[in-house]
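This report concerns only the one structure given below.
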Amino acid sequence: MAAPPFLASRPEGPGFGVYVHVPFCARRCDYCAFATWDDRLQLVPDYCAAVRAEIARAVGEEMPLATSVFFGGGTPSLLPPDQLVAILDAIPRGEGSEVTVECNPEHAEPSRLGAWRRAGVTRVSLGVQSLSTSVLDSLGRRHDPGSVRWAARALGDAGLGGSYSVDLIFGAVGERPADWQATVAGVLALDPPPAHVSAYGLIAEPGTPLGSDPARHPDADDQADKYLAVDAALASAGYSWYEISNWSRPGATCRHNQLYWAQGEYRGFGCAAHSHRLAGGGGARRWWNVRTPERYIRLVGRGDDPAGGEELLGPDVRAVEALELGLRTSEGVAVAEVPSAGQLGLLLDLGLVSLSRGEGAGERVRLTLRGRLLATEVTLRLLG
Amino acid sequence: MTPDLDPPLDRIRNLAVVAHVDHGKSTLSDRILELTGAVDAREMREQYLDSMDIERERGITIKAQNVRVTWKGHTVHLIDTPGHVDFGYEVSRSLAACEGVVLLVDAAQGIEAQTLANAYQALEHDLEIVAALNKIDLPAADPDRYAAEIEKVLGVPAGEILRISAKTGQGVAELLDAVCERIPPPRGDPSAPLQGLVFDSYYDQYRGVVSSVRVVNGRLGAGARLRFVQAGRTHDVEEIGVRLPAATLVDALGPGEVGYLIAGIKDVAEARSGETVTEASRPAEPLAGYQDPKPMVFCGLYPVDGDELSDLREALEKLRLNDASVTYQPETSGALGFGFRCGFLGLLHMEIVRERLEREFGLSLIATAPSVEYRAHLTDGSVVEVHNPSEMPPPQKLESIEEPYLQATILSPTEYTGTLMELCQSRRGEMRRIEYLGPERLELVYRIPLAEVVMDFFDALKSRTKGYASLDYEPADWEAADLVKIDVLLNGVPVDAFSAIVHKSQAQDYGRRMTEKLRELIPRQLFDVPIQAAVGGRMIARETVKAKRKDVLAKCYGGDITRKRKLLEKQKEGKKRMKSIGRVEVPQEAFIQALRLEE
């Protein structure tokens, strides 16, 4: 399969990302801790107008051209296509920029995909989670696994078949190893198959229905087994691992997410969206908008800054994040940038990390397959 | 009613109330204070005499108090006694200050083992026993039955046993009448050289040591220069007085009188229970019965936070001013760091001291499992005292090892006889006597190793008998036993804090319990962690904490980088509070939990 033309002409350099948050869902999933609501669809028109207004203001302040745009949520595919397109049109983008939209399988209608594609969407991230009905029930999620095959075909027909991604979740209580294997096999058998797979271990977040039900909390050993299973299945199907939970066909990595992990610059629009700008002296500023759509609409409408909080990151804190984020990726981190190399020997002995030459100068520390599962412990030890 | 500050000898009555915990001793004291007008009912604080917080909470008396009241022309000294088996010696000294006791028994429960032991002690001191059944207002009261029981075990005629309710006041006046009629007045020679019996001392931060004293012979006068015979110290009287219960100064205390004495003493160890005071210029013979404090139970106390070591030392120093029976010396543990090996009179005493250290001094402590003192006879003929498993000589140097035994008395309803005998046998007890106190109650006497009682015997006794059995014990003798030291190894490294000396027959069981407990308490690490119990290099139990396999959090998008970093920082702080043993990270909580006695 040939790579889509936009991948061939990727701009070099760290890039600049734009994130647009869509805080609406038809139904909230039991495990979800994101800023999203399933009872406020009436706010959609005002919300989209506010997002465009916030973007216009940033453009007026000379926001750089975006190298990637990501519509996340919530459920961005719930927006009427013209609303989404109007927002995308408002974002100045560079040549060959990556534009991703998260999409529920049942929303992958040809008309919607066509409108997205014409507006410049290059990549669709399909929220599949599982192909087992009982597992979907256990996650508090409602969609027909059959709609996934239909969605894949629609994506192929719309010219998005060579770049689309599938999101999966493993480790729900009641998910047998065979259920998980069947889900992974089913995804790989899609026509066309996805170019990219994200497989997330389920997290029982506090404050969610799942979090408050200890009987449904995932088991770490079960998740470890399932992680190893998905990694093996994807590797033999030609997908390369490049971040804890992400695998891709050659050239199909998610440029936008890579920007997060590389501590790059990005700007978030919409409620609860995070932004990150580099500052002088090795520092940076991170800020985030107010959490609820109502407050966001009100603030933007009044011409006020919708920011709800900020954090100034000094070089020390940036170094911690660099280690934490870098270790999660297949790039790893330079040995020279590890704050405390004292335990490196133990981690090597235990087979949790490996050392190898990177593309540039100097050795790099990378997580092994087992080490990926224990990234938190490895990071803690390398932080010293 | 103004109390007589210089009562004639034949109008004095000295008595202690002997009762089990919650049989109503404090309530009776309150009623007596009210009835004699010593304390106005309006200002009556419940249970006036128990003043320490821990005592009030647990409803027990640790430090004896005394008070003087007046009843129908008599001067009556009420001498309180510690109500727990750990303080048997202190009880004996309080009894030595009396001519009689009021034996107070719950009319719904009957006499308990410690009460009986104290009553036997009173008989040995030739004290008059005035027995009373309390709580007769309770629907469950069965005074006839328990009167018969008291007659059978102590020979007090059932017809002489009073029936009262300290709560309602019913029969309390009659009890005071009986006390004045039946308890003989003290005897003593006012012109003889002074002999005063100190039966309790406490430390007051403004006045120094305040002692309770009973004059046996002679007169204890203000301004006297006193010789504390056993301590070998001389002090000038600063103040003498009586408690009504408010402290009231007097010029002198004559024979038979009880009061308090302040003599500029800075350390209660110089005015212990049983001490004899006499005049420096005209010394008399010491009174019989004094004993040096003898710790029976030992444990290591370590600050959870190593920086609090000097605070712990200071707290122990202060505590000892008030409780000379606590011993302590510095100790080092590979696992727990620096701390102190402490000696106590018994288990309750240990618990009280630990609780006071934590509560009154704000310390957070790890206590190692309690142990007893062993006598190791070495092959070279010498004898070594072992207070701590780490002091145990290696097997090849050991000829034999002896452990202390107790004589334990258990009183229980007969329905629990089987389970109690089983319990005592499983703890290596040998039955000495079994006696029926009535159709439904019996007395069991066992000879049993102290180490077995120290572990969790009392809790087991209570749980097997739904709380109905009571226990008393006294030191008996020493006997050589097949004792072994168990080491517990984490990832191959011995952890001294978990070592124990146990009987060979129980080594397997101890090893299994400890390794199982630790398997649950130690968080999973990056590698499999073997937990082993070993005796002299031979493994007797093994568990494994399986290596942790997954801790990574799946998703990482722009919106949660801050949150993830904060979580990481929190985990990093958590790691700092862990002790690293053999590359294994052990949380403090695991030490605390593992060393806690079985419930």
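Residues in the structure tokens are named by chain (A, B, ... in the order shown) and by number from 1 within that chain; ligands are numbered from 1 in the order shown.
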
Q.
Select, as a PyMOL selection string, those residues of chain A with any atom no more than 8 Å from chain B (distances computed using only C-alpha atoms).
A. chain A and resi 200-203+220-221+223-224+244-245+257+260+272-275+320-321+324+350+370+372-377+380

Let's have the selection written as a PDB file, in the first residue's frame, with N, CA and C atoms.
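Generated file (again_25.pdb):
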```pdb
ATOM      1  N   TYR A 200      -5.039   0.820  24.529  1.00  0.00           N
ATOM      2  CA  TYR A 200      -4.890   1.382  25.866  1.00  0.00           C
ATOM      3  C   TYR A 200      -5.333   0.388  26.924  1.00  0.00           C
ATOM      4  N   GLY A 201      -4.503   0.236  27.965  1.00  0.00           N
ATOM      5  CA  GLY A 201      -4.941  -0.522  29.131  1.00  0.00           C
ATOM      6  C   GLY A 201      -5.983   0.310  29.853  1.00  0.00           C
ATOM      7  N   LEU A 202      -7.101  -0.309  30.187  1.00  0.00           N
ATOM      8  CA  LEU A 202      -8.186   0.397  30.867  1.00  0.00           C
ATOM      9  C   LEU A 202      -7.688   0.954  32.201  1.00  0.00           C
ATOM     10  N   ILE A 203      -8.064   2.191  32.510  1.00  0.00           N
ATOM     11  CA  ILE A 203      -7.702   2.796  33.798  1.00  0.00           C
ATOM     12  C   ILE A 203      -8.989   3.088  34.559  1.00  0.00           C
ATOM     13  N   ALA A 220      -3.731  -5.836  36.899  1.00  0.00           N
ATOM     14  CA  ALA A 220      -2.487  -5.444  36.226  1.00  0.00           C
ATOM     15  C   ALA A 220      -1.844  -6.619  35.479  1.00  0.00           C
ATOM     16  N   ASP A 221      -1.910  -7.822  36.066  1.00  0.00           N
ATOM     17  CA  ASP A 221      -1.288  -8.978  35.395  1.00  0.00           C
ATOM     18  C   ASP A 221      -2.034  -9.337  34.110  1.00  0.00           C
ATOM     19  N   GLN A 223      -3.691  -7.273  32.298  1.00  0.00           N
ATOM     20  CA  GLN A 223      -3.369  -6.249  31.312  1.00  0.00           C
ATOM     21  C   GLN A 223      -1.985  -6.480  30.717  1.00  0.00           C
ATOM     22  N   ALA A 224      -1.055  -6.950  31.561  1.00  0.00           N
ATOM     23  CA  ALA A 224       0.293  -7.223  31.039  1.00  0.00           C
ATOM     24  C   ALA A 224       0.227  -8.307  29.965  1.00  0.00           C
ATOM     25  N   ILE A 244       4.242   3.824  24.181  1.00  0.00           N
ATOM     26  CA  ILE A 244       3.625   2.817  25.062  1.00  0.00           C
ATOM     27  C   ILE A 244       2.382   2.186  24.435  1.00  0.00           C
ATOM     28  N   SER A 245       1.427   3.001  24.018  1.00  0.00           N
ATOM     29  CA  SER A 245       0.139   2.468  23.572  1.00  0.00           C
ATOM     30  C   SER A 245      -0.091   2.610  22.070  1.00  0.00           C
ATOM     31  N   ASN A 257       0.367  13.652  18.156  1.00  0.00           N
ATOM     32  CA  ASN A 257       0.706  13.097  19.475  1.00  0.00           C
ATOM     33  C   ASN A 257       2.203  13.117  19.717  1.00  0.00           C
ATOM     34  N   TYR A 260       3.332  16.165  21.436  1.00  0.00           N
ATOM     35  CA  TYR A 260       3.160  16.162  22.903  1.00  0.00           C
ATOM     36  C   TYR A 260       4.364  15.486  23.571  1.00  0.00           C
ATOM     37  N   ALA A 272     -11.423  23.097  28.473  1.00  0.00           N
ATOM     38  CA  ALA A 272     -10.498  22.091  29.031  1.00  0.00           C
ATOM     39  C   ALA A 272      -9.303  21.787  28.135  1.00  0.00           C
ATOM     40  N   ALA A 273      -9.123  22.533  27.043  1.00  0.00           N
ATOM     41  CA  ALA A 273      -7.995  22.250  26.149  1.00  0.00           C
ATOM     42  C   ALA A 273      -6.699  22.812  26.738  1.00  0.00           C
ATOM     43  N   HIS A 274      -5.611  22.040  26.567  1.00  0.00           N
ATOM     44  CA  HIS A 274      -4.308  22.458  27.088  1.00  0.00           C
ATOM     45  C   HIS A 274      -3.441  23.047  25.979  1.00  0.00           C
ATOM     46  N   SER A 275      -2.643  24.050  26.341  1.00  0.00           N
ATOM     47  CA  SER A 275      -1.698  24.660  25.420  1.00  0.00           C
ATOM     48  C   SER A 275      -0.308  24.634  26.045  1.00  0.00           C
ATOM     49  N   VAL A 320      12.266  16.552  34.061  1.00  0.00           N
ATOM     50  CA  VAL A 320      11.483  15.409  34.553  1.00  0.00           C
ATOM     51  C   VAL A 320      10.506  14.958  33.473  1.00  0.00           C
ATOM     52  N   GLU A 321       9.821  15.932  32.867  1.00  0.00           N
ATOM     53  CA  GLU A 321       8.839  15.587  31.836  1.00  0.00           C
ATOM     54  C   GLU A 321       9.514  15.000  30.596  1.00  0.00           C
ATOM     55  N   GLU A 324      10.173  11.413  31.447  1.00  0.00           N
ATOM     56  CA  GLU A 324       8.918  10.665  31.540  1.00  0.00           C
ATOM     57  C   GLU A 324       8.308  10.433  30.156  1.00  0.00           C
ATOM     58  N   LEU A 350      17.915  -6.337  34.834  1.00  0.00           N
ATOM     59  CA  LEU A 350      16.557  -6.878  34.892  1.00  0.00           C
ATOM     60  C   LEU A 350      15.907  -6.927  33.508  1.00  0.00           C
ATOM     61  N   ARG A 370       9.360  -5.674  28.128  1.00  0.00           N
ATOM     62  CA  ARG A 370       8.947  -5.790  29.535  1.00  0.00           C
ATOM     63  C   ARG A 370       9.026  -4.451  30.238  1.00  0.00           C
ATOM     64  N   ARG A 372       8.509  -1.545  28.973  1.00  0.00           N
ATOM     65  CA  ARG A 372       7.393  -0.666  28.617  1.00  0.00           C
ATOM     66  C   ARG A 372       6.275  -0.789  29.642  1.00  0.00           C
ATOM     67  N   LEU A 373       6.015  -2.038  30.070  1.00  0.00           N
ATOM     68  CA  LEU A 373       4.938  -2.267  31.033  1.00  0.00           C
ATOM     69  C   LEU A 373       5.264  -1.680  32.402  1.00  0.00           C
ATOM     70  N   LEU A 374       6.553  -1.503  32.671  1.00  0.00           N
ATOM     71  CA  LEU A 374       6.977  -0.991  33.981  1.00  0.00           C
ATOM     72  C   LEU A 374       7.591   0.394  33.845  1.00  0.00           C
ATOM     73  N   ALA A 375       7.077   1.155  32.896  1.00  0.00           N
ATOM     74  CA  ALA A 375       7.672   2.468  32.606  1.00  0.00           C
ATOM     75  C   ALA A 375       7.668   3.392  33.815  1.00  0.00           C
ATOM     76  N   THR A 376       6.650   3.292  34.646  1.00  0.00           N
ATOM     77  CA  THR A 376       6.579   4.198  35.805  1.00  0.00           C
ATOM     78  C   THR A 376       7.754   3.942  36.745  1.00  0.00           C
ATOM     79  N   GLU A 377       7.953   2.658  37.074  1.00  0.00           N
ATOM     80  CA  GLU A 377       9.042   2.294  37.973  1.00  0.00           C
ATOM     81  C   GLU A 377      10.397   2.663  37.361  1.00  0.00           C
ATOM     82  N   LEU A 380      10.868   6.390  37.644  1.00  0.00           N
ATOM     83  CA  LEU A 380      11.158   6.791  39.023  1.00  0.00           C
ATOM     84  C   LEU A 380      12.614   6.524  39.371  1.00  0.00           C
TER      85      LEU A 380
END
```

Q: Find the residues around Arg298 in chain A up to 12 Å (only C-alpha atoms counted), leave out those fewer than 6 positions away in its own chain, and share them as a list in words.
A: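 Answer for this query is Leu43, Asp46, Tyr47, Ala49, Ala50, Val51, Ala53, Glu54, Gly270, Cys271, Val290, Thr292, Asp304, Asp305 and Pro306 of chain A.
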
Q) Please, which residues of range 404-496 of chain B, numbered as in this document, come out strand (DSSP E or B) from DSSP, as an NGL selection string? A) :B and (404-413 or 430-436 or 441-449 or 470-480 or 483-490 or 493-494)

**Q.** Members of range 190-384 of chain A assigned helix (DSSP H, G or I) by DSSP, as a PyMOL selection string
**A.** chain A and resi 214-216+220-236+255-261+280-282+293-301+315-327+335-337+341-349+369-373+375-383

Q | For Ala590 in chain B, the nearest of the candidates B:Pro190, B:Pro157, B:Pro523, B:Gly362, counting only C-alpha atoms | A | B:Pro523

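Atom pair CA of Ala315 in chain B / CA of Thr332 in chain B: separated by 18.2 Å.
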
Q | For Ser470 in chain B, the nearest of the candidates B:Glu112, B:Glu385, B:Glu90, B:Asp106, counting only C-alpha atoms | A |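 The closest residue to Ser470 in chain B is B:Glu112.
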